[in-house]
Structure formats: structure tokens, C-alpha cells
Amino acid sequence: MKNDEAKFILRAYRPGGQDAADPQFAEALAQSRRDPELGRWFAEQTALDTAIGGKLQAIPVPADLKASILAGRKIVPIRTEPWWRQSLHPAATAAALAVTLATIGYLALHVPPEPKADFSRFTQDITDYLGKGYGVLPRHAHLATTDVTYFGSQSYRMNYRSPSLDDIRQWLAANGGHGDFTSPPGLKKPLNLGCGVMDWRGKRITLIAFQTGRILPQDKVHLVIINTADLPDAPPRGQPRFDEREEWTTAAWSDGPLTYFLMAPGDRRAVGKYL
């Protein structure tokens, strides 16, 4: 079960525990225990439901409610006044306002804003994606993000494989990728290639994996391509921008309408031989 499916089911879960034994919730509850991020979301959702329920239960019932109902059992024509003109009990109005303000305050404090899709977020997401999906980072490496849902449904797979750069270009051009990319000089003759077209936070990106030797994953170099216009602070054209992560080094640069992000094993000197 995916997290989106589990969230859809768990939104109907009552915080009092009445649904704990309901088989319709069993799989979603198990998923929330396995996945830390889903578990945190479920805990926050339960806390919000509990808070709203408490506010509603705290609304006092008028002492004359029963008498008022019995006294008004005569048939009267229904008024068609707009809802905003209808009078409300002062206590109910105050309670509804309190619940609304409490909900707004809770969401403001607990719902994180959507990360800005800038160059820093791009490099972090790509590094974590490659580290998690293709094993290019050690198992103990810290990943800044815990999921890759921002890559859409194409995550963790190559769409097309070929030993020919020309084949890769043709496939990308026919499938919405960046077929007009410029391959780094040191990656003109790889043993094998794989590529994919994915979505990153609403932006189209192309991922190309170059196999440069027989030992994997050490002999695999990844190149990610994005439109320069999709990054508000894309690296300038010219000298690549280097960064090190564990035993791997990344290099990023722009060339006209495209921005490139290369990730390869070794230090800056080892990566420089590909550029």
C-alpha cells in the first residue's frame, strides 16, 4: 500500500480508537507503523481530530433546549433566508469560531511550507534520489529527504537502455526528454547507457546513467538534465560548481538552455576527468 492510499483511508479513522479492530483500517495502520513519515502525519492528523472533537463537545447545551423543541412542534412555513442571515446561538457561534481559529493555528504551526524549487533543493533531491534508488551512497549515509514522491510515478527505474549515445538521444527526443543534451567529453564512449524522463516538483528532468567500467556501482556516472529556466538560481555558464558527498562528488553547470548535474565516485580530481 502506498502512503497516499493509506492517508486516504486513515482520514476516516476516529481518534477514540473505535476503529482499531476494523479490518478496513488494518493495512493502513500497519503502513503508518512501518513508515516514519506516514506515522508522523497520522499522529498530527489524530491530534487535530481530537482537538476539533474536544472543542465541539465543549459546546454547552442550552438548559431550555428540550422545552423549546416541544413548544415549537407546530407546523410553520420554512423560511428561505440565506444562511448568513439566519440567527445562531451565541454559544455555538463562539465555539465554531474557536474551532476555526484553533485549526488555522494548528496548521500554521505543524504543516511545513512547500520547499522552494531552487538549485539547492534540486541538488539535494537528486543526490538523495540517486543515493536511495541506485545505491550510489553508503547505506549509513544521511539522506536529507525521506521520500521521493516529488519524482512522480517514474521513480527508481530506467525507461530505456542502449550502448549507443545516438539511440539514447533519439529515445529522449521522442519521449519528451532532453535529446539535445551535450555529453561531457569524458563520457563519449560508455560501455552501456540507461535513461529516463521524470518529473521533479512539476519540472521535467532527464536522468542518464553511464556505465564506464565493470565494477558497479563504482563505475557508474549519473547525469541529470533540467531546463535552466526551471531553476531561478541555476549555476552560471562556464566553470562547474563542485560539491562532495560521502565518497562521491557532484558537478553542476549550465550550458545555454540546459543545466547539468553530474554525480560520480571519487574526489573533484577524479570527477574532473569526465568534464
# chains A, B, ... in the order shown; residues from 1 in each chain; ligands from 1
>>> residues_around(residues="segment 162-176 of chain A", least_positions_apart="5", cutoff="8 Å", atoms="only C-alpha atoms", output="mmCIF file with N, CA and C atoms, in the first residue's frame")
data_model
loop_
_atom_site.group_PDB
_atom_site.id
_atom_site.type_symbol
_atom_site.label_atom_id
_atom_site.label_comp_id
_atom_site.auth_asym_id
_atom_site.auth_seq_id
_atom_site.Cartn_x
_atom_site.Cartn_y
_atom_site.Cartn_z
ATOM 1 N N PHE A 181 20.888 17.155 -25.413
ATOM 2 C CA PHE A 181 21.915 17.379 -24.392
ATOM 3 C C PHE A 181 23.316 17.230 -24.989
ATOM 4 N N LYS A 188 32.002 10.035 -23.681
ATOM 5 C CA LYS A 188 31.585 9.840 -25.071
ATOM 6 C C LYS A 188 31.466 8.372 -25.456
ATOM 7 N N PRO A 190 30.797 5.197 -23.376
ATOM 8 C CA PRO A 190 30.484 4.329 -22.237
ATOM 9 C C PRO A 190 30.244 2.888 -22.679
ATOM 10 N N LEU A 191 30.374 1.948 -21.727
ATOM 11 C CA LEU A 191 30.076 0.549 -22.030
ATOM 12 C C LEU A 191 28.577 0.341 -22.225
ATOM 13 N N ASN A 192 27.802 1.081 -21.460
ATOM 14 C CA ASN A 192 26.350 0.944 -21.554
ATOM 15 C C ASN A 192 25.705 2.225 -21.035
ATOM 16 N N LEU A 193 24.446 2.409 -21.395
ATOM 17 C CA LEU A 193 23.720 3.612 -21.010
ATOM 18 C C LEU A 193 22.291 3.253 -20.631
ATOM 19 N N GLY A 194 21.745 4.035 -19.726
ATOM 20 C CA GLY A 194 20.330 3.935 -19.399
ATOM 21 C C GLY A 194 19.794 5.342 -19.225
ATOM 22 N N CYS A 195 18.517 5.546 -19.518
ATOM 23 C CA CYS A 195 17.965 6.895 -19.381
ATOM 24 C C CYS A 195 16.510 6.827 -18.948
ATOM 25 N N GLY A 196 16.037 7.927 -18.425
ATOM 26 C CA GLY A 196 14.646 8.031 -18.006
ATOM 27 C C GLY A 196 14.202 9.481 -18.040
ATOM 28 N N VAL A 197 12.910 9.694 -18.229
ATOM 29 C CA VAL A 197 12.320 11.031 -18.182
ATOM 30 C C VAL A 197 11.387 11.067 -16.980
#
>>> residues_around(residues="Arg268 of chain A", least_positions_apart="2", cutoff="8 Å", atoms="only C-alpha atoms", output="ChimeraX atom specification")
/A:242,244,249,266,270-272
>>> write_last_selection(atoms="N, CA and C atoms", output="PDB file, in the first residue's frame")
ATOM      1  N   PHE A 242      31.415  22.406  -7.894  1.00  0.00           N
ATOM      2  CA  PHE A 242      31.662  21.087  -7.312  1.00  0.00           C
ATOM      3  C   PHE A 242      31.163  21.029  -5.864  1.00  0.00           C
ATOM      4  N   GLU A 244      31.078  17.764  -2.542  1.00  0.00           N
ATOM      5  CA  GLU A 244      31.389  16.384  -2.162  1.00  0.00           C
ATOM      6  C   GLU A 244      30.341  15.853  -1.201  1.00  0.00           C
ATOM      7  N   THR A 249      31.376  12.812  -5.611  1.00  0.00           N
ATOM      8  CA  THR A 249      31.492  14.240  -5.902  1.00  0.00           C
ATOM      9  C   THR A 249      30.483  14.606  -6.984  1.00  0.00           C
ATOM     10  N   GLY A 266      34.529   9.269  -6.288  1.00  0.00           N
ATOM     11  CA  GLY A 266      35.848   9.884  -6.223  1.00  0.00           C
ATOM     12  C   GLY A 266      35.808  11.338  -5.807  1.00  0.00           C
ATOM     13  N   ALA A 270      39.043  13.284  -9.669  1.00  0.00           N
ATOM     14  CA  ALA A 270      38.558  12.111 -10.399  1.00  0.00           C
ATOM     15  C   ALA A 270      37.349  12.461 -11.264  1.00  0.00           C
ATOM     16  N   VAL A 271      36.481  13.308 -10.731  1.00  0.00           N
ATOM     17  CA  VAL A 271      35.290  13.693 -11.484  1.00  0.00           C
ATOM     18  C   VAL A 271      35.651  14.624 -12.635  1.00  0.00           C
ATOM     19  N   GLY A 272      36.682  15.432 -12.437  1.00  0.00           N
ATOM     20  CA  GLY A 272      37.078  16.381 -13.464  1.00  0.00           C
ATOM     21  C   GLY A 272      37.482  15.739 -14.773  1.00  0.00           C
TER      22      GLY A 272
END
>>> residues_around(residues="Pro232 of chain A", least_positions_apart="4", cutoff="12 Å", atoms="only C-alpha atoms", output="ChimeraX atom specification")
/A:116-122,226-228,236,259
>>> residues_around(residues="Tyr274 of chain A", least_positions_apart="6", cutoff="8 Å", atoms="only C-alpha atoms", output="number ranges by chain")
A: 184-187
>>> write_last_selection(atoms="N, CA and C atoms", output="PDB file, in the first residue's frame")
ATOM      1  N   PRO A 184      29.289  15.143 -21.640  1.00  0.00           N
ATOM      2  CA  PRO A 184      30.626  15.558 -21.208  1.00  0.00           C
ATOM      3  C   PRO A 184      31.700  14.831 -22.010  1.00  0.00           C
ATOM      4  N   PRO A 185      32.822  15.481 -22.305  1.00  0.00           N
ATOM      5  CA  PRO A 185      33.866  14.880 -23.151  1.00  0.00           C
ATOM      6  C   PRO A 185      34.344  13.517 -22.673  1.00  0.00           C
ATOM      7  N   GLY A 186      34.445  13.325 -21.369  1.00  0.00           N
ATOM      8  CA  GLY A 186      34.954  12.062 -20.844  1.00  0.00           C
ATOM      9  C   GLY A 186      33.942  10.948 -20.807  1.00  0.00           C
ATOM     10  N   LEU A 187      32.729  11.192 -21.307  1.00  0.00           N
ATOM     11  CA  LEU A 187      31.684  10.170 -21.293  1.00  0.00           C
ATOM     12  C   LEU A 187      31.148   9.909 -22.700  1.00  0.00           C
TER      13      LEU A 187
END
